[in-house]
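Novice: Input model_7.cif, format and content: mmCIF, C-alpha atoms.
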data_model
#
loop_
_atom_site.label_atom_id
_atom_site.label_comp_id
_atom_site.auth_asym_id
_atom_site.auth_seq_id
_atom_site.Cartn_x
_atom_site.Cartn_y
_atom_site.Cartn_z
CA VAL A 1 109.86 94.82 74.57
CA TYR A 2 107.78 91.65 74.33
CA LEU A 3 109.94 89.97 76.97
CA ILE A 4 109.57 92.93 79.33
CA GLY A 5 105.82 92.91 78.79
CA PHE A 6 105.63 89.16 79.43
CA LEU A 7 107.67 89.47 82.63
CA ALA A 8 105.47 92.32 83.83
CA LEU A 9 102.35 90.23 83.23
CA LEU A 10 103.93 87.25 85.02
CA VAL A 11 104.86 89.34 88.05
CA ALA A 12 101.35 90.83 88.14
CA ALA A 13 99.79 87.37 87.91
CA LEU A 14 101.98 86.02 90.73
CA ALA A 15 101.24 89.06 92.89
CA GLY A 16 97.54 88.54 92.29
CA TRP A 17 97.83 84.87 93.23
CA ARG A 18 99.66 85.82 96.43
CA ALA A 19 96.91 88.33 97.23
CA VAL A 20 94.29 85.60 96.80
CA ASP A 21 96.16 83.48 99.35
CA GLY A 22 96.22 86.43 101.75
CA ARG A 23 92.49 86.99 101.45
CA ALA A 24 91.85 83.28 102.01
CA ASP A 25 93.96 83.39 105.18
CA GLN A 26 92.04 86.38 106.47
CA SER A 27 88.69 84.76 105.69
CA ALA A 28 89.70 81.58 107.54
CA TRP A 29 90.99 83.64 110.47
CA LYS A 30 87.68 85.50 110.73
CA TYR A 31 85.73 82.24 110.54
CA LEU A 32 87.74 80.63 113.35
CA ALA A 33 87.46 83.76 115.49
CA GLY A 34 83.71 83.13 115.55
CA MET A 35 84.11 79.59 116.94
CA GLU A 36 84.29 80.61 120.62
CA SER A 37 82.33 77.96 122.54
CA GLY A 38 82.68 78.87 126.22
CA LYS A 39 78.97 79.73 126.52
CA GLY A 40 79.48 81.85 129.63
CA ARG A 41 80.90 79.02 131.74
CA MET A 42 83.64 79.53 134.32
CA PHE A 43 86.18 76.93 135.30
CA ASP A 44 85.35 74.93 138.40
CA PRO A 45 87.74 72.13 139.47
CA ALA A 46 84.63 69.98 140.02
CA MET A 47 84.37 69.80 136.21
CA VAL A 48 87.41 67.51 136.15
CA ALA A 49 86.83 65.57 139.36
CA ASP A 50 86.21 62.31 137.49
CA LEU A 51 89.29 62.52 135.24
CA PRO A 52 92.56 60.62 135.77
CA GLU A 53 94.68 62.31 138.42
CA PRO A 54 97.34 63.65 135.99
CA ALA A 55 94.56 65.22 133.91
CA ARG A 56 93.09 66.85 137.01
CA ARG A 57 96.54 68.26 137.80
CA TYR A 58 96.85 69.54 134.23
CA PHE A 59 93.60 71.48 134.39
CA ARG A 60 94.19 72.81 137.91
CA PHE A 61 97.56 74.14 136.78
CA THR A 62 96.54 75.60 133.42
CA ILE A 63 93.15 77.16 134.35
CA GLN A 64 92.51 79.18 137.48
CA PRO A 65 89.13 78.69 139.22
CA GLY A 66 86.54 81.17 137.97
CA THR A 67 88.30 81.75 134.64
CA PRO A 68 85.97 82.09 131.60
CA LEU A 69 86.26 79.01 129.44
CA HIS A 70 87.60 80.55 126.25
CA THR A 71 88.61 78.08 123.55
CA VAL A 72 89.75 80.37 120.70
CA VAL A 73 93.17 81.91 121.14
CA GLU A 74 95.50 84.19 119.18
CA ILE A 75 99.23 83.66 119.64
CA ASP A 76 102.15 85.89 118.64
CA MET A 77 105.53 84.17 118.48
CA THR A 78 109.13 84.49 117.43
CA GLY A 79 111.84 81.86 117.48
CA GLU A 80 113.46 79.57 114.93
CA LEU A 81 112.38 77.13 112.22
CA GLY A 82 114.66 74.35 111.02
CA LEU A 83 114.42 74.37 107.23
CA GLY A 84 116.91 71.54 106.78
CA THR A 85 117.36 68.07 108.26
CA MET A 86 118.34 66.58 111.58
CA ALA A 87 121.95 66.44 110.36
CA ALA A 88 121.91 70.00 108.97
CA PRO A 89 119.00 71.86 110.63
CA ASN A 90 119.50 75.24 108.89
CA TYR A 91 117.66 77.15 111.62
CA GLN A 92 116.23 80.49 110.52
CA SER A 93 114.62 83.16 112.68
CA MET A 94 110.84 83.39 112.39
CA GLN A 95 107.99 85.70 113.26
CA ALA A 96 104.48 84.26 113.30
CA ARG A 97 100.88 84.87 114.29
CA GLN A 98 98.34 82.14 114.87
CA ILE A 99 94.69 81.63 115.62
CA LEU A 100 93.85 78.30 117.23
CA ALA A 101 90.23 77.16 117.60
CA PRO A 102 90.17 73.48 118.60
CA PRO A 103 88.73 71.25 117.31
CA GLN A 104 87.65 73.28 114.27
CA GLY A 105 91.04 74.44 113.05
CA LEU A 106 93.89 76.94 112.98
CA VAL A 107 95.69 79.47 110.81
CA TRP A 108 99.45 79.96 111.28
CA LYS A 109 100.96 82.87 109.33
CA VAL A 110 104.76 82.92 109.37
CA LYS A 111 107.77 84.65 107.88
CA THR A 112 111.24 83.15 108.05
CA GLY A 113 114.01 84.67 105.97
CA ALA A 114 112.82 85.10 102.39
CA ILE A 115 109.97 82.59 102.88
CA SER A 116 106.50 83.52 104.07
CA GLY A 117 103.09 81.90 104.01
CA SER A 118 100.66 79.92 106.10
CA ASP A 119 99.50 76.56 107.37
CA GLY A 120 95.82 76.19 108.07
CA ALA A 121 92.91 73.89 108.77
CA LEU A 122 89.15 74.39 108.64
CA PRO A 123 86.41 71.81 109.22
CA GLU A 124 86.36 70.78 105.55
CA SER A 125 89.81 71.70 104.24
CA SER A 126 93.46 72.39 105.05
CA TRP A 127 96.49 73.86 103.32
CA THR A 128 100.17 74.69 103.33
CA ARG A 129 101.09 77.68 101.14
CA PHE A 130 104.56 79.21 101.16
CA TRP A 131 106.17 81.82 98.95
CA LEU A 132 109.72 82.97 98.22
CA PHE A 133 110.14 86.75 98.44
CA GLY A 134 106.35 86.97 98.63
CA LEU A 135 106.18 86.34 94.89
CA PHE A 136 107.24 82.81 93.89
CA PRO A 137 105.28 79.77 95.16
CA VAL A 138 107.62 77.17 96.67
CA VAL A 139 105.34 74.85 98.70
CA ARG A 140 101.64 74.12 98.21
CA ALA A 141 99.87 71.15 99.79
CA SER A 142 96.30 70.09 100.57
CA GLY A 143 94.06 67.04 100.25
CA PRO A 144 92.69 64.28 102.52
CA ASP A 145 96.04 63.15 103.95
CA HIS A 146 97.01 66.76 104.63
CA ARG A 147 93.67 67.40 106.36
CA ARG A 148 94.11 64.38 108.64
CA SER A 149 97.63 65.52 109.50
CA ALA A 150 96.46 69.09 110.15
CA PHE A 151 93.79 67.87 112.56
CA GLY A 152 96.52 66.13 114.55
CA ARG A 153 98.33 69.45 114.89
CA VAL A 154 95.14 71.20 116.03
CA ALA A 155 94.59 68.57 118.74
CA ALA A 156 98.20 68.66 119.94
CA GLU A 157 98.35 72.44 120.12
CA ALA A 158 95.08 72.51 122.04
CA ALA A 159 97.08 70.96 124.88
CA PHE A 160 99.65 73.78 124.53
CA TRP A 161 97.49 76.87 124.35
CA SER A 162 93.76 76.06 124.61
CA PRO A 163 93.28 73.83 127.66
CA ALA A 164 89.59 74.72 128.00
CA SER A 165 88.98 73.01 124.65
CA LEU A 166 90.12 69.72 126.24
CA LEU A 167 87.61 69.68 129.08
CA PRO A 168 85.51 66.51 128.92
CA GLY A 169 82.48 66.82 126.68
CA ASP A 170 81.05 65.94 123.31
CA HIS A 171 84.43 66.17 121.55
CA VAL A 172 86.79 65.00 124.30
CA ARG A 173 87.23 61.98 126.56
CA TRP A 174 90.16 60.98 128.78
CA GLU A 175 91.94 57.85 129.96
CA PRO A 176 94.90 57.34 132.31
CA LEU A 177 98.41 56.47 131.16
CA ASP A 178 100.58 56.43 134.29
CA GLU A 179 101.36 58.50 137.38
CA SER A 180 102.54 61.46 135.31
CA GLY A 181 100.44 61.25 132.18
CA ALA A 182 96.96 61.04 130.73
CA ARG A 183 95.54 60.70 127.23
CA ALA A 184 92.85 62.92 125.74
CA PHE A 185 90.89 61.70 122.73
CA VAL A 186 89.78 64.62 120.57
CA GLN A 187 86.99 63.80 118.10
CA TYR A 188 85.63 66.00 115.33
CA GLY A 189 83.78 64.85 112.24
CA ALA A 190 85.50 61.79 110.82
CA PHE A 191 88.69 62.33 112.85
CA GLU A 192 89.80 61.20 116.29
CA GLN A 193 93.22 62.05 117.65
CA ALA A 194 94.80 60.74 120.86
CA VAL A 195 96.92 63.33 122.70
CA ASP A 196 99.34 62.15 125.39
CA ILE A 197 100.10 64.82 128.01
CA THR A 198 102.90 64.40 130.55
CA VAL A 199 102.72 66.67 133.60
CA ASP A 200 105.08 67.46 136.47
CA ASP A 201 104.19 67.47 140.16
CA ARG A 202 102.46 70.86 139.83
CA GLY A 203 100.45 69.75 136.80
CA ALA A 204 102.46 71.79 134.30
CA PRO A 205 102.45 69.95 130.95
CA SER A 206 106.09 69.22 130.16
CA ARG A 207 105.59 67.16 126.98
CA VAL A 208 102.74 66.60 124.52
CA VAL A 209 102.94 63.74 122.00
CA ILE A 210 100.58 62.43 119.34
CA GLN A 211 100.79 59.73 116.71
CA ARG A 212 100.39 62.06 113.74
CA TRP A 213 99.44 61.10 110.20
CA SER A 214 102.51 62.39 108.36
CA ASN A 215 104.87 61.84 105.42
CA ALA A 216 107.80 63.50 107.19
CA ASN A 217 109.94 60.38 106.91
CA SER A 218 112.64 59.02 104.62
CA GLU A 219 110.10 57.12 102.51
CA LYS A 220 107.83 60.17 102.14
CA GLN A 221 104.89 57.89 102.90
CA PHE A 222 101.92 58.94 105.03
CA ARG A 223 101.72 56.92 108.23
CA GLU A 224 101.25 57.45 111.95
CA GLN A 225 104.45 58.55 113.68
CA PRO A 226 105.39 60.47 116.85
CA PHE A 227 105.01 64.24 116.77
CA GLY A 228 105.00 66.69 119.64
CA GLY A 229 106.87 69.14 121.78
CA ASP A 230 108.42 70.04 125.11
CA LEU A 231 106.84 72.98 126.95
CA SER A 232 108.40 75.44 129.41
CA ASP A 233 108.46 79.01 130.74
CA PHE A 234 104.81 79.14 131.82
CA ARG A 235 103.16 82.54 132.25
CA GLU A 236 99.74 83.88 133.17
CA PHE A 237 97.35 85.02 130.43
CA GLU A 238 93.81 86.02 131.47
CA GLY A 239 93.54 83.29 134.10
CA TYR A 240 95.40 80.65 132.06
CA ARG A 241 98.93 79.44 132.81
CA LEU A 242 100.47 78.58 129.45
CA PRO A 243 103.89 77.76 127.96
CA THR A 244 105.81 80.53 126.22
CA ARG A 245 108.57 78.24 125.00
CA VAL A 246 107.81 75.23 122.82
CA GLU A 247 110.39 73.05 121.11
CA GLY A 248 109.10 70.23 118.97
CA GLY A 249 108.94 68.30 115.75
CA ASN A 250 108.60 64.94 114.10
CA HIS A 251 109.70 61.60 115.58
CA ILE A 252 109.85 62.98 119.11
CA GLY A 253 111.14 60.39 121.57
CA THR A 254 113.05 58.47 118.86
CA PRO A 255 116.62 58.67 117.46
CA ASP A 256 115.15 60.42 114.39
CA TYR A 257 113.78 63.36 116.38
CA PHE A 258 114.31 66.70 114.64
CA PRO A 259 113.07 69.69 116.70
CA PHE A 260 112.46 71.96 113.71
CA PHE A 261 110.06 74.23 115.65
CA LYS A 262 111.49 76.42 118.43
CA ALA A 263 108.92 79.03 119.42
CA VAL A 264 109.08 81.87 121.92
CA VAL A 265 105.59 83.21 122.57
CA THR A 266 105.37 86.98 123.02
CA ASP A 267 101.61 87.35 123.56
CA ILE A 268 98.44 85.28 123.93
CA ARG A 269 94.90 86.63 123.64
CA PHE A 270 91.65 84.75 124.20
CA LEU A 271 88.79 85.72 121.91
CA GLY A 272 85.13 86.16 122.79
CA ASN A 273 83.56 86.70 126.17
CA GLY A 274 82.55 83.09 126.76
CA SER A 275 78.99 83.67 125.58
#
Represent the structure from my file as structure tokens, please.
Specialist:
Amino acid sequence: VYLIGFLALLVAALAGWRAVDGRADQSAWKYLAGMESGKGRMFDPAMVADLPEPARRYFRFTIQPGTPLHTVVEIDMTGELGLGTMAAPNYQSMQARQILAPPQGLVWKVKTGAISGSDGALPESSWTRFWLFGLFPVVRASGPDHRRSAFGRVAAEAAFWSPASLLPGDHVRWEPLDESGARAFVQYGAFEQAVDITVDDRGAPSRVVIQRWSNANSEKQFREQPFGGDLSDFREFEGYRLPTRVEGGNHIGTPDYFPFFKAVVTDIRFLGNGS
């Protein structure tokens, strides 16, 4: 009887803890939804006239003239997550929803097999929280190194799904790389992240790479290392031409590359009315 009572209390405590995580996710989502910064502006190619030519191509491809400059986006996706290693990827199907509000942060809520949870970043914090069967905590991470790493993801994914957030301004500057690439520097608070964007002849971004602060390496030591993805299957969403297939991961462009993230986007929605 005592054992049954103890187990019941434990299950109730774990369920309560999981509910706290859920409320925190929803609060962060609501906060980021209020970060729309378009301020009623519409895209004009003249806004990027002074940028390196590959950057001009990128913006002309991804944003149609006259499109409201929304920066906060919600993304629905399916696909696969590699839960193993490069040698044994252990891909599992996933379903996920995300809000992305560069440079302030993101919330990514995902379910893959028996594991569910979220990654997130806000201006002053970040987290990884995953649960087994929605009841047992299996991964929890936060702290300064995690926050720096999370900001790198926010900046990289801005190039995927929030191109208006990379227009030159207080938080963003650009420099050329070569005939097919340009580098955006995204600054926010104490962080600055360089984002290398490779485009094709049309201006479609085919690859995005950053040097991300990460411990996804054999030594489990935080350091800068390549992270990014390859983008394809571009579709129109409210005046934006965005990738609906993204394959990426750590050590991109090296022999250690493991594309653990294979996303198929099913819907994209821009929040706010640009005011």
Novice: Which residue out of A:Ala158, A:Ile99, A:Ala24, A:Leu167 has the minimum interatomic distance to Leu242 of chain A when all atoms listed in the file are used?
Specialist: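 For Leu242 of chain A, the nearest of the given residues is A:Ala158.
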Novice: Please return the centre and edge lengths, in Å to one decimal, of a box with edges along x, y and z that contains all listed atoms of segment 262-269 of chain A, widened by 4 Å on every side, as JSON.
Specialist:
{"center_x": 103.2, "center_y": 81.9, "center_z": 121.2, "size_x": 24.6, "size_y": 18.9, "size_z": 13.5}
Novice: Using only C-alpha atoms, which residue out of A:Glu74, A:Glu124, A:Asp178, A:Asp50 lies closest to Asp196 of chain A?
Specialist: A:Asp178
Novice: Please determine, counting only C-alpha atoms, which residue among A:Phe234, A:Leu100, A:Val20, A:Gly113 has the shortest atom-to-atom distance to Leu32 of chain A.
Specialist: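 Looking at the shortest contact to Leu32 of chain A, the residue is A:Leu100.
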Novice: If you count only C-alpha atoms, which residues fall within 8 Å of Val107 of chain A, apart from same-chain ones fewer than 4 positions away, as a list in words?
Specialist: Asp25, Ala28, Trp29, Gln98, Ile99, Leu100, Ser118, Asp119, Gly120 and Ala121 of chain A
Novice: Find the distance between atom CA of Pro163 of chain A and atom CA of Gly105 of chain A and write it in Å to one decimal.
Specialist: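 Separating atom CA of Pro163 of chain A from atom CA of Gly105 of chain A is a distance of 14.8 Å.
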Novice: For the interface of segment 118-170 of chain A with segment 205-224 of chain A (cut-off 7 Å, counting all atoms listed in the file), please tabulate each contacting residue of segment 118-170 of chain A alongside its nearest pair of atoms and their separation in Å to one decimal, rows sorted by chain and increasing number, as JSON lines.
Specialist:
{"residue": "A:Arg148", "atom": "CA", "partner": "A:Trp213", "partner_atom": "CA", "distance": 6.4}
{"residue": "A:Ser149", "atom": "CA", "partner": "A:Trp213", "partner_atom": "CA", "distance": 4.8}
{"residue": "A:Gly152", "atom": "CA", "partner": "A:Arg212", "partner_atom": "CA", "distance": 5.7}
{"residue": "A:Ala156", "atom": "CA", "partner": "A:Ile210", "partner_atom": "CA", "distance": 6.7}
Novice: Name the residues captured by the PyMOL selection byres ((chain A and resi 46) around 12) when it is applied to the shown file; answer as a list in words.
Specialist: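 Taken on the displayed file, the PyMOL selection byres ((chain A and resi 46) around 12) yields the residues Met42, Phe43, Asp44, Pro45, Met47, Val48, Ala49, Asp50, Leu51, Arg56, Phe59, Arg60, Pro65, Gly66, Leu167 and Pro168 of chain A.
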Novice: Could you dump the residues just selected with C-alpha atoms as a compact mmCIF listing (two decimals), keeping the file's coordinate frame?
Specialist:
# COMPACT_ATOMS: atom_id res chain seq x y z
CA MET A 42 83.64 79.53 134.32
CA PHE A 43 86.18 76.93 135.30
CA ASP A 44 85.35 74.93 138.40
CA PRO A 45 87.74 72.13 139.47
CA MET A 47 84.37 69.80 136.21
CA VAL A 48 87.41 67.51 136.15
CA ALA A 49 86.83 65.57 139.36
CA ASP A 50 86.21 62.31 137.49
CA LEU A 51 89.29 62.52 135.24
CA ARG A 56 93.09 66.85 137.01
CA PHE A 59 93.60 71.48 134.39
CA ARG A 60 94.19 72.81 137.91
CA PRO A 65 89.13 78.69 139.22
CA GLY A 66 86.54 81.17 137.97
CA LEU A 167 87.61 69.68 129.08
CA PRO A 168 85.51 66.51 128.92
Novice: State, in Å with one decimal place, the distance from atom CA of Lys111 of chain A to atom CA of Gln95 of chain A.
Specialist: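 So the two atoms, atom CA of Lys111 of chain A and atom CA of Gln95 of chain A, lie 5.5 Å apart.
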Novice: Need to verify the contact set: segment 250-259 of chain A, 7 Å, all atoms listed in the file, exclusion of same-chain residues closer than 2 positions in sequence. Can you return it as number ranges by chain?
Specialist: A: 86, 225-228, 247-248, 261
Novice: Write a file of the just-selected residues containing C-alpha atoms, as a short mmCIF file (atom, residue, chain, number, x, y, z; two decimals), in the frame of the given file.
Specialist:
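Result file follows (selection-v4.cif):
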data_model
loop_
_atom_site.label_atom_id
_atom_site.label_comp_id
_atom_site.auth_asym_id
_atom_site.auth_seq_id
_atom_site.Cartn_x
_atom_site.Cartn_y
_atom_site.Cartn_z
CA MET A 86 118.34 66.58 111.58
CA GLN A 225 104.45 58.55 113.68
CA PRO A 226 105.39 60.47 116.85
CA PHE A 227 105.01 64.24 116.77
CA GLY A 228 105.00 66.69 119.64
CA GLU A 247 110.39 73.05 121.11
CA GLY A 248 109.10 70.23 118.97
CA PHE A 261 110.06 74.23 115.65
#
Novice: I'd like the contact shell of segment 2-12 of chain A - 10 Å cut-off, all atoms listed in the file, skipping same-chain residues fewer than 5 positions apart - returned as an MDAnalysis selection string.
Specialist: chainID A and resid 17:18 135:136
Novice: Measure the distance from atom CA of Pro52 of chain A to atom CA of Ala164 of chain A in Å and round it to one decimal.
Specialist: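 Atom-to-atom, atom CA of Pro52 of chain A and atom CA of Ala164 of chain A are spaced 16.4 Å apart.
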Novice: Reconstruct segment 149-165 of chain A at the level of N, CA, C and O atoms, and format the result as a CSV table (one decimal), keeping the file's coordinate frame.
Specialist:
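Generated file (selection11.csv):
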chain,number,residue,atom,x,y,z
A,149,SER,N,96.4,65.1,108.8
A,149,SER,CA,97.6,65.5,109.5
A,149,SER,C,97.4,66.8,110.2
A,149,SER,O,97.8,67.0,111.4
A,150,ALA,N,96.7,67.8,109.5
A,150,ALA,CA,96.5,69.1,110.2
A,150,ALA,C,95.6,69.0,111.4
A,150,ALA,O,95.8,69.7,112.4
A,151,PHE,N,94.6,68.1,111.4
A,151,PHE,CA,93.8,67.9,112.6
A,151,PHE,C,94.6,67.4,113.7
A,151,PHE,O,94.4,67.8,114.9
A,152,GLY,N,95.6,66.6,113.5
A,152,GLY,CA,96.5,66.1,114.6
A,152,GLY,C,97.2,67.3,115.2
A,152,GLY,O,97.3,67.4,116.4
A,153,ARG,N,97.7,68.3,114.4
A,153,ARG,CA,98.3,69.4,114.9
A,153,ARG,C,97.4,70.3,115.7
A,153,ARG,O,97.7,70.8,116.8
A,154,VAL,N,96.1,70.4,115.3
A,154,VAL,CA,95.1,71.2,116.0
A,154,VAL,C,95.0,70.6,117.4
A,154,VAL,O,94.9,71.3,118.4
A,155,ALA,N,94.8,69.3,117.5
A,155,ALA,CA,94.6,68.6,118.7
A,155,ALA,C,95.8,68.7,119.7
A,155,ALA,O,95.6,68.9,120.9
A,156,ALA,N,97.0,68.6,119.1
A,156,ALA,CA,98.2,68.7,119.9
A,156,ALA,C,98.4,70.1,120.5
A,156,ALA,O,98.7,70.2,121.7
A,157,GLU,N,98.2,71.1,119.7
A,157,GLU,CA,98.4,72.4,120.1
A,157,GLU,C,97.2,72.9,121.1
A,157,GLU,O,97.4,73.9,121.8
A,158,ALA,N,96.1,72.2,121.0
A,158,ALA,CA,95.1,72.5,122.0
A,158,ALA,C,95.7,72.3,123.4
A,158,ALA,O,95.4,73.1,124.4
A,159,ALA,N,96.5,71.2,123.6
A,159,ALA,CA,97.1,71.0,124.9
A,159,ALA,C,98.1,72.0,125.3
A,159,ALA,O,98.4,72.2,126.4
A,160,PHE,N,98.7,72.7,124.3
A,160,PHE,CA,99.6,73.8,124.5
A,160,PHE,C,98.9,75.0,125.0
A,160,PHE,O,99.2,75.5,126.1
A,161,TRP,N,98.0,75.5,124.2
A,161,TRP,CA,97.5,76.9,124.4
A,161,TRP,C,96.0,77.0,124.5
A,161,TRP,O,95.5,78.1,124.6
A,162,SER,N,95.2,76.0,124.5
A,162,SER,CA,93.8,76.1,124.6
A,162,SER,C,93.2,75.0,125.5
A,162,SER,O,92.4,74.1,125.1
A,163,PRO,N,93.7,74.9,126.8
A,163,PRO,CA,93.3,73.8,127.7
A,163,PRO,C,91.8,73.7,127.9
A,163,PRO,O,91.3,72.6,128.0
A,164,ALA,N,91.0,74.8,127.8
A,164,ALA,CA,89.6,74.7,128.0
A,164,ALA,C,88.9,73.9,126.9
A,164,ALA,O,87.9,73.3,127.1
A,165,SER,N,89.6,73.8,125.7
A,165,SER,CA,89.0,73.0,124.6
A,165,SER,C,89.1,71.5,124.9
A,165,SER,O,88.5,70.7,124.2
